[in-house]
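**Q** My questions all concern the structure below.
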Amino acid sequence: MDGSELERILGRLRSGDVRALARAVSVVEDRAAGAAELVSACRKEAKRALRVGVTGPPGAGKSTLVDQMARRLRAEEKEVGVLAVDPSSPYTGGALLGDRIRMQGFEGDGGVYIRSMASRGAMGGVAEAAEDVCVVMEAAGRDVILIETVGVGQDEVDVISLADATVLVLMPGMGDEVQSLKAGVMEVADIFVVNKSDREGAERVEAEILAMQSLGAARTGWVPPVVRTVATVGEGVGELMDAVQRCAAETRGHHEPAQLRWRNGGLRLDHLGVAVKSISASKGFYEALGMVVAHEETVEHEKVKTAMLPLGESRIELLEPTEEESVIGRFLAKRGEGLHHIAVHAEGIDAMFERLKAQGVRLASDAVRVGAGGHRYFFVHPASTGGVLLEIVGDAREVGA
Ligand code: CO
């Protein structure tokens with residue numbers, strides 16, 4: 001694909017040409033020649049759509065619900081893209097038959113573009129391919145993208161992580177299924193839907209969900225609401241869309257969507273702590289590497305001087321003892337200079353401290369303390385981590401605390 005052809009396709013996408021959109025999605029999904037250039041060009045100009053994930057066990061009525069959501073968005077004159085992903089089915093090059101069935105009721109309405117995507121097989125990368133398709137849809141001016149997945153496995157969770165808000169669809173008679181879903185999948189939900197709620201047992205499923213929620217520690221201000229729907233007649237869909245809007249506003253402003261929090265538990269590498277005899281003697285090497293000391297501070301109660309050198313999204317923390325009789329001083333005497341601890345950033349550090357303690361994890365701190373930069377932290381003993389001292393770092397102040 002040369003530059004002028006790329007420009008031509010982009011122009012047609014911008015003008016909302018649905019056939020150009022279908023072709024561009026095929027190019028991207030097939031990873032045909034020029035796909036990478038097309039995606040990066042789309043990414044540059046695309047405005048981010050509201051992405052809504054819809055997932056849940058087979059038979060819960062996801063497709064019908066997605067169709068109703070699309071209908072309601074059309075009534076508000078929103079341009080809608082629907083991406084139905086089925087990682088379990090073999091790659092079919094666009095699953096066209098499925099698309100044709102799904103198009104019923106939207107024929108002739110270019111404001112709804114529906115696309116099915118099957119597994120990429122051994123190549124993996126379902127989520128990456130889905131992300132690329134979303135970007136192309138966004139370049140074509142779609143305001144909202146509904147990402148529907150079949151089933152609730154890890155591939156689906158990865159796909160759903162692209163969404164700003166995720167709807168988990170359940171139905172009456174799934175009491176046992178709710179129980180069996182609790183390991184991980186419940187945490188995916190920003191919003192619970194009890195679909196087919198005109199059937200007997202709706203209260204019971206809702207009660208199961210609420211019971212499950214009360215077990216999990218609320219890590220952020222957002223408490224996933226439970227919305228009852230009857231998708232076949234569109235009942236409750238307005239309430240659902242309101243909840244989606246509220247959730248998206250919340251999650252965009254304050255935290256990652258639920259499924260990202262689930263995938264990594266809200267965790268990321270914060271820094272690597274390196275014990276040194278002298279910061280001024282050691283930092284020269286890191287500066288020669290091109291790193292810069294961004295912050296130096298003495299933490300009196302730890303009897304340690306620290307220097308933070310940013311490294312991508314994490315940092316290297318040089319630790320110099322101010323007294324021999326200190327944690328770092330004793331470490332140097334026993335082991336010499338070297339890696340002292342790794343630090344992981346976590347949300348909800350107080351709850352995590354209590355949870356680990358209750359689980360019998362050996363902690364090396366008796367409480368959550370305040371350290372360099374005002375950040376709150378505690379240490380987990382190497383006996384519980386596979387031999388490395390692990391620091392858990394939270395924000396200076398907990399959200400909602
Ligand atoms: Co540290």
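Going by the structure tokens order, chains are called A, B, ..., each with residues numbered from 1, while ligands are numbered from 1 in the order shown.
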Find the residues near ligand 1. Use a cut-off of 12 Å, count only C-alpha atoms and all ligand atoms, and write them as number ranges by chain.
**A** A: 269-275, 299, 302, 304-309, 314-320, 328, 339-345, 369-373, 375-380, 389-394
**Q** What is the atom CA of Arg362 of chain A to atom CA of Glu300 of chain A distance in Å?
**A** 24.8 Å
**Q** So, counting only C-alpha atoms, which residue among A:Glu45, A:Glu297, A:Glu324, A:Glu337 is closest to Ala140 of chain A?
**A**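 Checking each candidate against Ala140 of chain A, we get A:Glu45 as the closest.
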**Q** Within 10 Å of Asp190 of chain A, counting only C-alpha atoms, which residues qualify if same-chain residues fewer than 2 places away don't, as a list in words?
**A**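 The filter keeps Gly53, Asp164, Ala165, Thr166, Val167, Leu168, Met186, Glu187, Val188, Phe192, Trp222, Val223, Pro224, Pro225, Val226, Ala243, Val244, Cys247, Ala248, Thr251, Pro257, Ala258 and Gln259 of chain A.
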**Q** So how far away is atom CA of Val169 of chain A from atom CA of Gly110 of chain A, in Å?
**A**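 Separation of atom CA of Gly110 of chain A and atom CA of Val169 of chain A: 27.1 Å.
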**Q** Of the candidates A:Ala118, A:Thr232, A:Thr385, A:Glu156, which shows the shortest atom-to-atom distance to Pro57 of chain A, using only C-alpha atoms?
**A** A:Glu156
**Q** For atom CA of Ala294 of chain A and atom CA of Val388 of chain A, determine how far apart the two atoms are, in Å to one decimal place.
**A**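 Spanning atom CA of Ala294 of chain A to atom CA of Val388 of chain A is a straight-line distance of 25.7 Å.
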**Q** I'd like the neighbourhood of segment 145-148 of chain A as a PyMOL selection string, where a residue qualifies if any of its atoms comes within 8 Å (using only C-alpha atoms), though same-chain residues fewer than 6 positions away should be ignored.
**A** chain A and resi 49-55+62-63+66+70+80-85+134+137+160+163
**Q** Output N, CA and C atoms for every residue in the selection just made, as a PDB file, in the first residue's frame.
**A**
ATOM      1  N   ALA A  49     -13.428   6.198  20.712  1.00  0.00           N
ATOM      2  CA  ALA A  49     -14.854   5.944  20.920  1.00  0.00           C
ATOM      3  C   ALA A  49     -15.072   5.479  22.353  1.00  0.00           C
ATOM      4  N   LEU A  50     -16.316   5.512  22.775  1.00  0.00           N
ATOM      5  CA  LEU A  50     -16.658   4.843  24.022  1.00  0.00           C
ATOM      6  C   LEU A  50     -16.706   3.350  23.719  1.00  0.00           C
ATOM      7  N   ARG A  51     -15.839   2.588  24.364  1.00  0.00           N
ATOM      8  CA  ARG A  51     -15.799   1.147  24.115  1.00  0.00           C
ATOM      9  C   ARG A  51     -16.470   0.416  25.269  1.00  0.00           C
ATOM     10  N   VAL A  52     -17.457  -0.376  24.920  1.00  0.00           N
ATOM     11  CA  VAL A  52     -18.208  -1.094  25.939  1.00  0.00           C
ATOM     12  C   VAL A  52     -18.042  -2.592  25.718  1.00  0.00           C
ATOM     13  N   GLY A  53     -17.520  -3.293  26.694  1.00  0.00           N
ATOM     14  CA  GLY A  53     -17.371  -4.744  26.604  1.00  0.00           C
ATOM     15  C   GLY A  53     -18.622  -5.429  27.128  1.00  0.00           C
ATOM     16  N   VAL A  54     -19.036  -6.463  26.424  1.00  0.00           N
ATOM     17  CA  VAL A  54     -20.184  -7.252  26.884  1.00  0.00           C
ATOM     18  C   VAL A  54     -19.758  -8.715  26.887  1.00  0.00           C
ATOM     19  N   THR A  55     -19.777  -9.316  28.061  1.00  0.00           N
ATOM     20  CA  THR A  55     -19.332 -10.696  28.150  1.00  0.00           C
ATOM     21  C   THR A  55     -20.231 -11.484  29.087  1.00  0.00           C
ATOM     22  N   LYS A  62     -26.376 -12.353  25.303  1.00  0.00           N
ATOM     23  CA  LYS A  62     -25.482 -11.219  25.023  1.00  0.00           C
ATOM     24  C   LYS A  62     -25.772 -10.561  23.677  1.00  0.00           C
ATOM     25  N   SER A  63     -25.926 -11.404  22.625  1.00  0.00           N
ATOM     26  CA  SER A  63     -26.125 -10.840  21.286  1.00  0.00           C
ATOM     27  C   SER A  63     -27.395 -10.016  21.219  1.00  0.00           C
ATOM     28  N   VAL A  66     -26.789  -6.796  23.014  1.00  0.00           N
ATOM     29  CA  VAL A  66     -25.937  -5.905  22.217  1.00  0.00           C
ATOM     30  C   VAL A  66     -26.759  -5.248  21.107  1.00  0.00           C
ATOM     31  N   ALA A  70     -27.349  -1.261  20.641  1.00  0.00           N
ATOM     32  CA  ALA A  70     -27.084  -0.579  19.372  1.00  0.00           C
ATOM     33  C   ALA A  70     -28.324   0.213  18.936  1.00  0.00           C
ATOM     34  N   VAL A  80     -22.446   3.485  15.543  1.00  0.00           N
ATOM     35  CA  VAL A  80     -22.107   2.330  16.373  1.00  0.00           C
ATOM     36  C   VAL A  80     -21.275   1.303  15.599  1.00  0.00           C
ATOM     37  N   GLY A  81     -20.270   0.773  16.250  1.00  0.00           N
ATOM     38  CA  GLY A  81     -19.552  -0.376  15.725  1.00  0.00           C
ATOM     39  C   GLY A  81     -19.765  -1.538  16.682  1.00  0.00           C
ATOM     40  N   VAL A  82     -20.008  -2.716  16.141  1.00  0.00           N
ATOM     41  CA  VAL A  82     -20.133  -3.904  16.988  1.00  0.00           C
ATOM     42  C   VAL A  82     -19.032  -4.870  16.579  1.00  0.00           C
ATOM     43  N   LEU A  83     -18.238  -5.283  17.547  1.00  0.00           N
ATOM     44  CA  LEU A  83     -17.193  -6.264  17.274  1.00  0.00           C
ATOM     45  C   LEU A  83     -17.486  -7.497  18.114  1.00  0.00           C
ATOM     46  N   ALA A  84     -17.890  -8.572  17.431  1.00  0.00           N
ATOM     47  CA  ALA A  84     -18.213  -9.814  18.132  1.00  0.00           C
ATOM     48  C   ALA A  84     -17.020 -10.752  18.005  1.00  0.00           C
ATOM     49  N   VAL A  85     -16.403 -11.070  19.134  1.00  0.00           N
ATOM     50  CA  VAL A  85     -15.176 -11.858  19.107  1.00  0.00           C
ATOM     51  C   VAL A  85     -15.421 -13.238  19.695  1.00  0.00           C
ATOM     52  N   CYS A 134     -10.780  -1.951  16.428  1.00  0.00           N
ATOM     53  CA  CYS A 134     -11.403  -0.822  17.135  1.00  0.00           C
ATOM     54  C   CYS A 134     -10.854   0.506  16.613  1.00  0.00           C
ATOM     55  N   MET A 137     -12.317   1.332  13.290  1.00  0.00           N
ATOM     56  CA  MET A 137     -13.708   1.776  13.466  1.00  0.00           C
ATOM     57  C   MET A 137     -13.755   3.210  13.986  1.00  0.00           C
ATOM     58  N   ILE A 160     -11.714  -8.030  26.387  1.00  0.00           N
ATOM     59  CA  ILE A 160     -12.559  -7.121  27.152  1.00  0.00           C
ATOM     60  C   ILE A 160     -11.738  -6.004  27.800  1.00  0.00           C
ATOM     61  N   ALA A 163     -11.975  -2.401  26.696  1.00  0.00           N
ATOM     62  CA  ALA A 163     -13.188  -1.609  26.907  1.00  0.00           C
ATOM     63  C   ALA A 163     -13.031  -0.604  28.044  1.00  0.00           C
TER      64      ALA A 163
END
**Q** For Gly173 of chain A, find every residue with an atom within 8 Å (counting only C-alpha atoms), except residues of its own chain fewer than 6 positions away, and show them as a PDB file with N, CA and C atoms, in the first residue's frame.
**A**
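Listed below is the output, out_30.pdb:
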ATOM      1  N   GLU A 200     -38.268 -16.740  36.542  1.00  0.00           N
ATOM      2  CA  GLU A 200     -38.125 -17.054  37.949  1.00  0.00           C
ATOM      3  C   GLU A 200     -36.637 -17.209  38.295  1.00  0.00           C
ATOM      4  N   GLY A 201     -36.272 -16.700  39.447  1.00  0.00           N
ATOM      5  CA  GLY A 201     -34.896 -16.883  39.894  1.00  0.00           C
ATOM      6  C   GLY A 201     -34.039 -15.634  39.728  1.00  0.00           C
ATOM      7  N   ALA A 202     -34.631 -14.549  39.180  1.00  0.00           N
ATOM      8  CA  ALA A 202     -33.859 -13.318  38.975  1.00  0.00           C
ATOM      9  C   ALA A 202     -33.339 -12.772  40.311  1.00  0.00           C
ATOM     10  N   VAL A 205     -30.231 -14.774  41.511  1.00  0.00           N
ATOM     11  CA  VAL A 205     -28.965 -14.430  40.853  1.00  0.00           C
ATOM     12  C   VAL A 205     -28.451 -13.092  41.373  1.00  0.00           C
TER      13      VAL A 205
END
**Q** Residues within 9 Å of Gly16 of chain A, please, as a PDB file with all heavy atoms, in the first residue's frame. Count only C-alpha atoms; anything in the same chain fewer than 5 positions from it doesn't count.
**A**
ATOM      1  N   GLY A  11      -9.360   8.807   3.562  1.00  0.00           N
ATOM      2  CA  GLY A  11     -10.374   9.782   3.154  1.00  0.00           C
ATOM      3  C   GLY A  11     -11.761   9.155   3.126  1.00  0.00           C
ATOM      4  O   GLY A  11     -12.734   9.736   3.624  1.00  0.00           O
ATOM      5  N   LEU A  21     -14.848   0.921   5.246  1.00  0.00           N
ATOM      6  CA  LEU A  21     -14.612   0.442   6.610  1.00  0.00           C
ATOM      7  C   LEU A  21     -14.487  -1.084   6.615  1.00  0.00           C
ATOM      8  O   LEU A  21     -13.554  -1.636   7.199  1.00  0.00           O
ATOM      9  CB  LEU A  21     -15.752   0.899   7.530  1.00  0.00           C
ATOM     10  CG  LEU A  21     -15.763   0.338   8.967  1.00  0.00           C
ATOM     11  CD1 LEU A  21     -14.454   0.638   9.681  1.00  0.00           C
ATOM     12  CD2 LEU A  21     -16.934   0.919   9.765  1.00  0.00           C
ATOM     13  N   GLY A 110     -26.296   2.461   7.769  1.00  0.00           N
ATOM     14  CA  GLY A 110     -24.841   2.518   7.840  1.00  0.00           C
ATOM     15  C   GLY A 110     -24.349   2.937   9.219  1.00  0.00           C
ATOM     16  O   GLY A 110     -23.158   2.876   9.509  1.00  0.00           O
ATOM     17  N   GLY A 111     -25.266   3.349  10.079  1.00  0.00           N
ATOM     18  CA  GLY A 111     -24.889   3.797  11.426  1.00  0.00           C
ATOM     19  C   GLY A 111     -24.577   2.661  12.374  1.00  0.00           C
ATOM     20  O   GLY A 111     -24.110   2.880  13.490  1.00  0.00           O
ATOM     21  N   ALA A 139     -11.473   5.515  13.495  1.00  0.00           N
ATOM     22  CA  ALA A 139     -11.086   6.425  12.410  1.00  0.00           C
ATOM     23  C   ALA A 139     -12.264   6.654  11.471  1.00  0.00           C
ATOM     24  O   ALA A 139     -12.367   7.696  10.822  1.00  0.00           O
ATOM     25  CB  ALA A 139      -9.898   5.848  11.643  1.00  0.00           C
ATOM     26  N   ALA A 140     -13.165   5.670  11.400  1.00  0.00           N
ATOM     27  CA  ALA A 140     -14.347   5.798  10.555  1.00  0.00           C
ATOM     28  C   ALA A 140     -15.490   6.499  11.298  1.00  0.00           C
ATOM     29  O   ALA A 140     -16.628   6.477  10.850  1.00  0.00           O
ATOM     30  CB  ALA A 140     -14.786   4.420  10.069  1.00  0.00           C
ATOM     31  N   GLY A 141     -15.162   7.089  12.440  1.00  0.00           N
ATOM     32  CA  GLY A 141     -16.124   7.959  13.108  1.00  0.00           C
ATOM     33  C   GLY A 141     -17.146   7.271  13.998  1.00  0.00           C
ATOM     34  O   GLY A 141     -18.151   7.872  14.360  1.00  0.00           O
ATOM     35  N   ARG A 142     -16.892   6.009  14.350  1.00  0.00           N
ATOM     36  CA  ARG A 142     -17.840   5.340  15.247  1.00  0.00           C
ATOM     37  C   ARG A 142     -17.754   5.987  16.629  1.00  0.00           C
ATOM     38  O   ARG A 142     -16.653   6.153  17.173  1.00  0.00           O
ATOM     39  CB  ARG A 142     -17.532   3.844  15.347  1.00  0.00           C
ATOM     40  CG  ARG A 142     -17.617   3.130  14.013  1.00  0.00           C
ATOM     41  CD  ARG A 142     -19.047   2.989  13.546  1.00  0.00           C
ATOM     42  NE  ARG A 142     -19.193   3.358  12.133  1.00  0.00           N
ATOM     43  CZ  ARG A 142     -20.282   3.106  11.399  1.00  0.00           C
ATOM     44  NH1 ARG A 142     -21.313   2.493  11.939  1.00  0.00           N
ATOM     45  NH2 ARG A 142     -20.352   3.480  10.147  1.00  0.00           N
TER      46      ARG A 142
END
